[in-house]
Amino acid sequence: MQQHDSGLDQRIEACERENRKLRRIVLFQGMAAAAFLLVACAGTALPGSPNRTEPVDRITAREIVVVDAQGVVRARMSGDMPDAVMAGGHVSKRGTKAAGFMLYDEGGIERGGYVTMDTGSNAMLSLDSKHQMIAHMVAGPDQEPAAALRLGSAKHAVELRSDLNGSRISLEKERKVIQQTPAIEFLSPETCQKQIEYEKAYPGRDVCRARFTAEACSRCLSAE
């Protein structure tokens, strides 16, 4: 009877050893499967892993606004750009609708951009202080090329311009040309006609003098 009990105990102990072995195998397999799933799900976040995000072919939007950590607008891409807000909350009217890309400083003040203007259809790249535009490059829309680069302060400016009247460098003081090299002596018929229209639309403002010498403007306007 004792021998029978001893054999039974040995079989029970063998079964328990086998059971413990099976539990270890199942536990190992479960941990391995969990680790595999974790790596598979987080694969794109691991260093050196390829970016698995599929690119978007097209984004259609009227406006995209970029803000910094404080919520201040630092960049704007818009099909209808709002008027510029300068230092002290002063709003500078654009005078026409514009579309393109604009940059803003840490205070949300417009500091420059690249836009196309609805009126005149000019393309313009500008750099601004906190108070006004101080540097800009303009390209005209017409088949006859016209472009200008202007650097200026509140009362003085230098402009490099090339159009159907010729290429020249102009020095300005208080919005009037005081020196021009080479000087444009005679305005083209198209330019002269535009200057006559400007003088009628803005009487007393000497619009012509902001771009040409007194002699050239006098010859054009007196011939009306």
# chains A, B, ... in the order shown; residues from 1 in each chain; ligands from 1
>>> select_by_dssp(residues="range 59-189 of chain A", states="strand (DSSP E or B)", output="ChimeraX atom specification")
/A:63-67,73-78,84-85,91-92,98-104,110-117,123-128,133-139,147-152,156-163,166-173,176-181
>>> residues_around(residues="Arg175 in chain A", least_positions_apart="5", cutoff="12 Å", atoms="only C-alpha atoms", output="MDAnalysis selection string")
chainID A and resid 152:159 170 205:213
>>> write_last_selection(atoms="C-alpha atoms", output="compact mmCIF listing (two decimals), in the first residue's frame")
# COMPACT_ATOMS: atom_id res chain seq x y z
CA GLY A 152 12.88 104.74 -47.48
CA SER A 153 12.45 106.48 -44.15
CA ALA A 154 9.75 108.92 -43.10
CA LYS A 155 11.11 111.78 -45.24
CA HIS A 156 13.80 110.32 -47.49
CA ALA A 157 13.93 107.47 -50.00
CA VAL A 158 16.00 105.97 -52.77
CA GLU A 159 14.37 104.09 -55.61
CA SER A 170 15.89 108.48 -57.92
CA ARG A 205 -0.74 116.45 -54.21
CA ASP A 206 1.94 116.61 -56.93
CA VAL A 207 1.66 112.89 -57.64
CA CYS A 208 3.96 113.17 -60.66
CA ARG A 209 6.77 114.66 -58.53
CA ALA A 210 6.92 111.49 -56.42
CA ARG A 211 8.41 109.68 -59.40
CA PHE A 212 9.85 112.22 -61.82
CA THR A 213 11.75 115.51 -61.77
>>> residues_around(residues="Pro189 in chain A", least_positions_apart="2", cutoff="12 Å", atoms="only C-alpha atoms", output="tab-separated table (two decimals) with C-alpha atoms, in the first residue's frame")
chain	number	residue	atom	x	y	z
A	164	LEU	CA	9.01	101.98	-70.41
A	165	ASN	CA	10.46	105.39	-69.52
A	186	PHE	CA	10.31	113.28	-71.41
A	187	LEU	CA	7.62	110.90	-70.16
A	191	THR	CA	2.96	107.51	-68.53
A	192	CYS	CA	2.10	111.14	-69.20
A	193	GLN	CA	-1.58	110.29	-69.65
A	194	LYS	CA	-1.60	108.44	-66.33
A	195	GLN	CA	0.04	111.37	-64.56
A	196	ILE	CA	-2.61	113.73	-65.97
A	219	ARG	CA	6.60	119.24	-69.73
A	220	CYS	CA	3.95	116.52	-69.41
A	221	LEU	CA	1.26	118.44	-67.50
A	223	ALA	CA	1.16	119.87	-72.71
A	224	GLU	CA	-2.32	118.74	-71.65
>>> closest_residue(among="A:Val138, A:Ala61, A:Ala75, A:Ile178", to="Leu160 in chain A", atoms="only C-alpha atoms")
A:Val138
>>> atom_distance(atom1="CA of Gln132 in chain A", atom2="CA of Glu63 in chain A")
24.0 Å
>>> atom_distance(atom1="CA of Asp128 in chain A", atom2="CA of Tyr104 in chain A")
9.8 Å
>>> residues_around(residues="Lys97 in chain A", least_positions_apart="5", cutoff="8 Å", atoms="only C-alpha atoms", output="ChimeraX atom specification")
/A:80-81,117-119
>>> decode(residues="range 29-172 of chain A", atoms="C-alpha atoms", output="PDB file, in the first residue's frame")
ATOM      1  CA  GLN A  29       4.918  33.695 -25.247  1.00  0.00           C
ATOM      2  CA  GLY A  30       2.395  36.228 -23.928  1.00  0.00           C
ATOM      3  CA  MET A  31       5.105  38.735 -23.018  1.00  0.00           C
ATOM      4  CA  ALA A  32       6.762  38.289 -26.424  1.00  0.00           C
ATOM      5  CA  ALA A  33       3.457  38.881 -28.213  1.00  0.00           C
ATOM      6  CA  ALA A  34       2.763  42.020 -26.150  1.00  0.00           C
ATOM      7  CA  ALA A  35       6.242  43.387 -26.869  1.00  0.00           C
ATOM      8  CA  PHE A  36       5.815  42.735 -30.592  1.00  0.00           C
ATOM      9  CA  LEU A  37       2.495  44.607 -30.680  1.00  0.00           C
ATOM     10  CA  LEU A  38       3.964  47.545 -28.736  1.00  0.00           C
ATOM     11  CA  VAL A  39       6.878  47.910 -31.162  1.00  0.00           C
ATOM     12  CA  ALA A  40       4.566  47.568 -34.157  1.00  0.00           C
ATOM     13  CA  CYS A  41       2.222  50.310 -32.880  1.00  0.00           C
ATOM     14  CA  ALA A  42       4.995  52.692 -31.831  1.00  0.00           C
ATOM     15  CA  GLY A  43       7.324  51.984 -34.725  1.00  0.00           C
ATOM     16  CA  THR A  44       7.017  55.453 -36.259  1.00  0.00           C
ATOM     17  CA  ALA A  45       8.018  57.094 -32.956  1.00  0.00           C
ATOM     18  CA  LEU A  46      11.276  55.152 -32.617  1.00  0.00           C
ATOM     19  CA  PRO A  47      14.526  56.955 -33.570  1.00  0.00           C
ATOM     20  CA  GLY A  48      15.449  56.260 -37.139  1.00  0.00           C
ATOM     21  CA  SER A  49      12.039  54.868 -38.049  1.00  0.00           C
ATOM     22  CA  PRO A  50      10.686  56.011 -41.412  1.00  0.00           C
ATOM     23  CA  ASN A  51       7.797  58.473 -41.412  1.00  0.00           C
ATOM     24  CA  ARG A  52       4.746  56.387 -42.217  1.00  0.00           C
ATOM     25  CA  THR A  53       2.381  59.375 -42.530  1.00  0.00           C
ATOM     26  CA  GLU A  54       0.855  59.500 -45.977  1.00  0.00           C
ATOM     27  CA  PRO A  55       1.218  62.934 -47.657  1.00  0.00           C
ATOM     28  CA  VAL A  56      -1.841  65.015 -48.439  1.00  0.00           C
ATOM     29  CA  ASP A  57      -2.045  65.857 -52.125  1.00  0.00           C
ATOM     30  CA  ARG A  58      -3.866  69.166 -51.701  1.00  0.00           C
ATOM     31  CA  ILE A  59      -5.106  71.536 -48.984  1.00  0.00           C
ATOM     32  CA  THR A  60      -7.828  74.016 -49.917  1.00  0.00           C
ATOM     33  CA  ALA A  61      -8.339  76.891 -47.476  1.00  0.00           C
ATOM     34  CA  ARG A  62      -9.216  80.582 -47.473  1.00  0.00           C
ATOM     35  CA  GLU A  63      -6.732  81.284 -44.680  1.00  0.00           C
ATOM     36  CA  ILE A  64      -4.031  79.525 -42.657  1.00  0.00           C
ATOM     37  CA  VAL A  65      -2.844  81.264 -39.460  1.00  0.00           C
ATOM     38  CA  VAL A  66       0.287  80.325 -37.473  1.00  0.00           C
ATOM     39  CA  VAL A  67       0.481  81.335 -33.785  1.00  0.00           C
ATOM     40  CA  ASP A  68       3.309  81.075 -31.230  1.00  0.00           C
ATOM     41  CA  ALA A  69       3.210  79.583 -27.728  1.00  0.00           C
ATOM     42  CA  GLN A  70       1.515  82.740 -26.393  1.00  0.00           C
ATOM     43  CA  GLY A  71      -1.208  82.634 -29.040  1.00  0.00           C
ATOM     44  CA  VAL A  72       0.184  85.638 -30.960  1.00  0.00           C
ATOM     45  CA  VAL A  73      -0.302  85.472 -34.739  1.00  0.00           C
ATOM     46  CA  ARG A  74       3.180  85.187 -36.327  1.00  0.00           C
ATOM     47  CA  ALA A  75       2.339  84.248 -39.932  1.00  0.00           C
ATOM     48  CA  ARG A  76      -0.726  84.295 -42.161  1.00  0.00           C
ATOM     49  CA  MET A  77      -1.461  82.846 -45.581  1.00  0.00           C
ATOM     50  CA  SER A  78      -4.708  84.298 -46.875  1.00  0.00           C
ATOM     51  CA  GLY A  79      -6.740  84.783 -50.010  1.00  0.00           C
ATOM     52  CA  ASP A  80      -8.078  88.057 -48.564  1.00  0.00           C
ATOM     53  CA  MET A  81      -5.457  89.669 -46.338  1.00  0.00           C
ATOM     54  CA  PRO A  82      -6.774  91.919 -43.535  1.00  0.00           C
ATOM     55  CA  ASP A  83      -5.511  95.495 -43.152  1.00  0.00           C
ATOM     56  CA  ALA A  84      -2.169  95.928 -41.407  1.00  0.00           C
ATOM     57  CA  VAL A  85      -2.123  96.647 -37.667  1.00  0.00           C
ATOM     58  CA  MET A  86       0.917  98.775 -36.740  1.00  0.00           C
ATOM     59  CA  ALA A  87       2.372 100.013 -33.438  1.00  0.00           C
ATOM     60  CA  GLY A  88      -0.122 101.594 -31.054  1.00  0.00           C
ATOM     61  CA  GLY A  89      -3.013  99.758 -32.685  1.00  0.00           C
ATOM     62  CA  HIS A  90      -2.933 101.978 -35.779  1.00  0.00           C
ATOM     63  CA  VAL A  91      -4.676 100.280 -38.716  1.00  0.00           C
ATOM     64  CA  SER A  92      -3.031 100.884 -42.086  1.00  0.00           C
ATOM     65  CA  LYS A  93      -5.506 100.462 -44.950  1.00  0.00           C
ATOM     66  CA  ARG A  94      -4.196  98.566 -47.955  1.00  0.00           C
ATOM     67  CA  GLY A  95      -6.472 100.425 -50.362  1.00  0.00           C
ATOM     68  CA  THR A  96      -7.185  97.212 -52.238  1.00  0.00           C
ATOM     69  CA  LYS A  97      -7.699  93.543 -51.572  1.00  0.00           C
ATOM     70  CA  ALA A  98      -4.505  91.511 -51.350  1.00  0.00           C
ATOM     71  CA  ALA A  99      -3.661  87.822 -51.212  1.00  0.00           C
ATOM     72  CA  GLY A 100      -0.473  86.064 -50.213  1.00  0.00           C
ATOM     73  CA  PHE A 101       1.762  85.506 -47.193  1.00  0.00           C
ATOM     74  CA  MET A 102       2.360  87.887 -44.259  1.00  0.00           C
ATOM     75  CA  LEU A 103       4.771  87.878 -41.276  1.00  0.00           C
ATOM     76  CA  TYR A 104       4.180  89.355 -37.788  1.00  0.00           C
ATOM     77  CA  ASP A 105       6.516  90.080 -34.871  1.00  0.00           C
ATOM     78  CA  GLU A 106       6.257  89.066 -31.214  1.00  0.00           C
ATOM     79  CA  GLY A 107       3.622  91.760 -30.630  1.00  0.00           C
ATOM     80  CA  GLY A 108       1.431  90.737 -33.559  1.00  0.00           C
ATOM     81  CA  ILE A 109       2.499  93.765 -35.628  1.00  0.00           C
ATOM     82  CA  GLU A 110       2.804  93.248 -39.381  1.00  0.00           C
ATOM     83  CA  ARG A 111       6.473  93.288 -40.435  1.00  0.00           C
ATOM     84  CA  GLY A 112       6.358  92.321 -44.095  1.00  0.00           C
ATOM     85  CA  GLY A 113       5.070  89.883 -46.643  1.00  0.00           C
ATOM     86  CA  TYR A 114       4.703  88.716 -50.208  1.00  0.00           C
ATOM     87  CA  VAL A 115       1.361  89.522 -51.826  1.00  0.00           C
ATOM     88  CA  THR A 116      -0.463  90.253 -55.054  1.00  0.00           C
ATOM     89  CA  MET A 117      -2.771  93.283 -55.148  1.00  0.00           C
ATOM     90  CA  ASP A 118      -6.210  93.161 -56.773  1.00  0.00           C
ATOM     91  CA  THR A 119      -6.123  96.786 -57.928  1.00  0.00           C
ATOM     92  CA  GLY A 120      -3.250  97.151 -60.400  1.00  0.00           C
ATOM     93  CA  SER A 121      -2.408  93.431 -60.110  1.00  0.00           C
ATOM     94  CA  ASN A 122       1.090  94.184 -58.834  1.00  0.00           C
ATOM     95  CA  ALA A 123       3.185  91.529 -57.071  1.00  0.00           C
ATOM     96  CA  MET A 124       4.979  92.996 -54.043  1.00  0.00           C
ATOM     97  CA  LEU A 125       7.559  91.897 -51.497  1.00  0.00           C
ATOM     98  CA  SER A 126       7.752  94.231 -48.488  1.00  0.00           C
ATOM     99  CA  LEU A 127       9.626  94.698 -45.202  1.00  0.00           C
ATOM    100  CA  ASP A 128       8.122  96.938 -42.522  1.00  0.00           C
ATOM    101  CA  SER A 129       9.153  98.637 -39.309  1.00  0.00           C
ATOM    102  CA  LYS A 130       6.612  98.660 -36.500  1.00  0.00           C
ATOM    103  CA  HIS A 131       5.267 101.931 -37.926  1.00  0.00           C
ATOM    104  CA  GLN A 132       5.427 101.820 -41.730  1.00  0.00           C
ATOM    105  CA  MET A 133       6.680 100.031 -44.812  1.00  0.00           C
ATOM    106  CA  ILE A 134      10.361 100.910 -45.323  1.00  0.00           C
ATOM    107  CA  ALA A 135      11.495  98.532 -48.066  1.00  0.00           C
ATOM    108  CA  HIS A 136       9.594  96.985 -50.937  1.00  0.00           C
ATOM    109  CA  MET A 137      10.063  95.423 -54.332  1.00  0.00           C
ATOM    110  CA  VAL A 138       7.268  95.628 -56.917  1.00  0.00           C
ATOM    111  CA  ALA A 139       6.733  93.836 -60.221  1.00  0.00           C
ATOM    112  CA  GLY A 140       4.056  95.115 -62.592  1.00  0.00           C
ATOM    113  CA  PRO A 141       1.617  92.866 -64.479  1.00  0.00           C
ATOM    114  CA  ASP A 142       1.940  94.279 -67.996  1.00  0.00           C
ATOM    115  CA  GLN A 143       3.693  92.688 -70.956  1.00  0.00           C
ATOM    116  CA  GLU A 144       6.024  95.699 -71.001  1.00  0.00           C
ATOM    117  CA  PRO A 145       8.260  94.919 -67.972  1.00  0.00           C
ATOM    118  CA  ALA A 146       8.159  97.318 -65.030  1.00  0.00           C
ATOM    119  CA  ALA A 147       9.800  96.794 -61.647  1.00  0.00           C
ATOM    120  CA  ALA A 148      11.016  98.877 -58.722  1.00  0.00           C
ATOM    121  CA  LEU A 149      13.040  98.534 -55.530  1.00  0.00           C
ATOM    122  CA  ARG A 150      12.472 101.230 -52.911  1.00  0.00           C
ATOM    123  CA  LEU A 151      14.164 101.881 -49.563  1.00  0.00           C
ATOM    124  CA  GLY A 152      12.876 104.738 -47.479  1.00  0.00           C
ATOM    125  CA  SER A 153      12.448 106.484 -44.150  1.00  0.00           C
ATOM    126  CA  ALA A 154       9.748 108.923 -43.101  1.00  0.00           C
ATOM    127  CA  LYS A 155      11.109 111.782 -45.237  1.00  0.00           C
ATOM    128  CA  HIS A 156      13.799 110.320 -47.493  1.00  0.00           C
ATOM    129  CA  ALA A 157      13.925 107.474 -49.999  1.00  0.00           C
ATOM    130  CA  VAL A 158      16.002 105.970 -52.766  1.00  0.00           C
ATOM    131  CA  GLU A 159      14.371 104.088 -55.609  1.00  0.00           C
ATOM    132  CA  LEU A 160      15.730 101.911 -58.380  1.00  0.00           C
ATOM    133  CA  ARG A 161      13.147 101.636 -61.150  1.00  0.00           C
ATOM    134  CA  SER A 162      12.950 100.260 -64.656  1.00  0.00           C
ATOM    135  CA  ASP A 163       9.919 100.754 -66.927  1.00  0.00           C
ATOM    136  CA  LEU A 164       9.008 101.978 -70.412  1.00  0.00           C
ATOM    137  CA  ASN A 165      10.460 105.394 -69.524  1.00  0.00           C
ATOM    138  CA  GLY A 166      13.895 103.861 -68.922  1.00  0.00           C
ATOM    139  CA  SER A 167      15.987 102.703 -65.972  1.00  0.00           C
ATOM    140  CA  ARG A 168      17.046 105.188 -63.298  1.00  0.00           C
ATOM    141  CA  ILE A 169      17.934 105.786 -59.658  1.00  0.00           C
ATOM    142  CA  SER A 170      15.891 108.476 -57.917  1.00  0.00           C
ATOM    143  CA  LEU A 171      16.545 110.239 -54.612  1.00  0.00           C
ATOM    144  CA  GLU A 172      13.446 111.590 -52.891  1.00  0.00           C
TER     145      GLU A 172
END
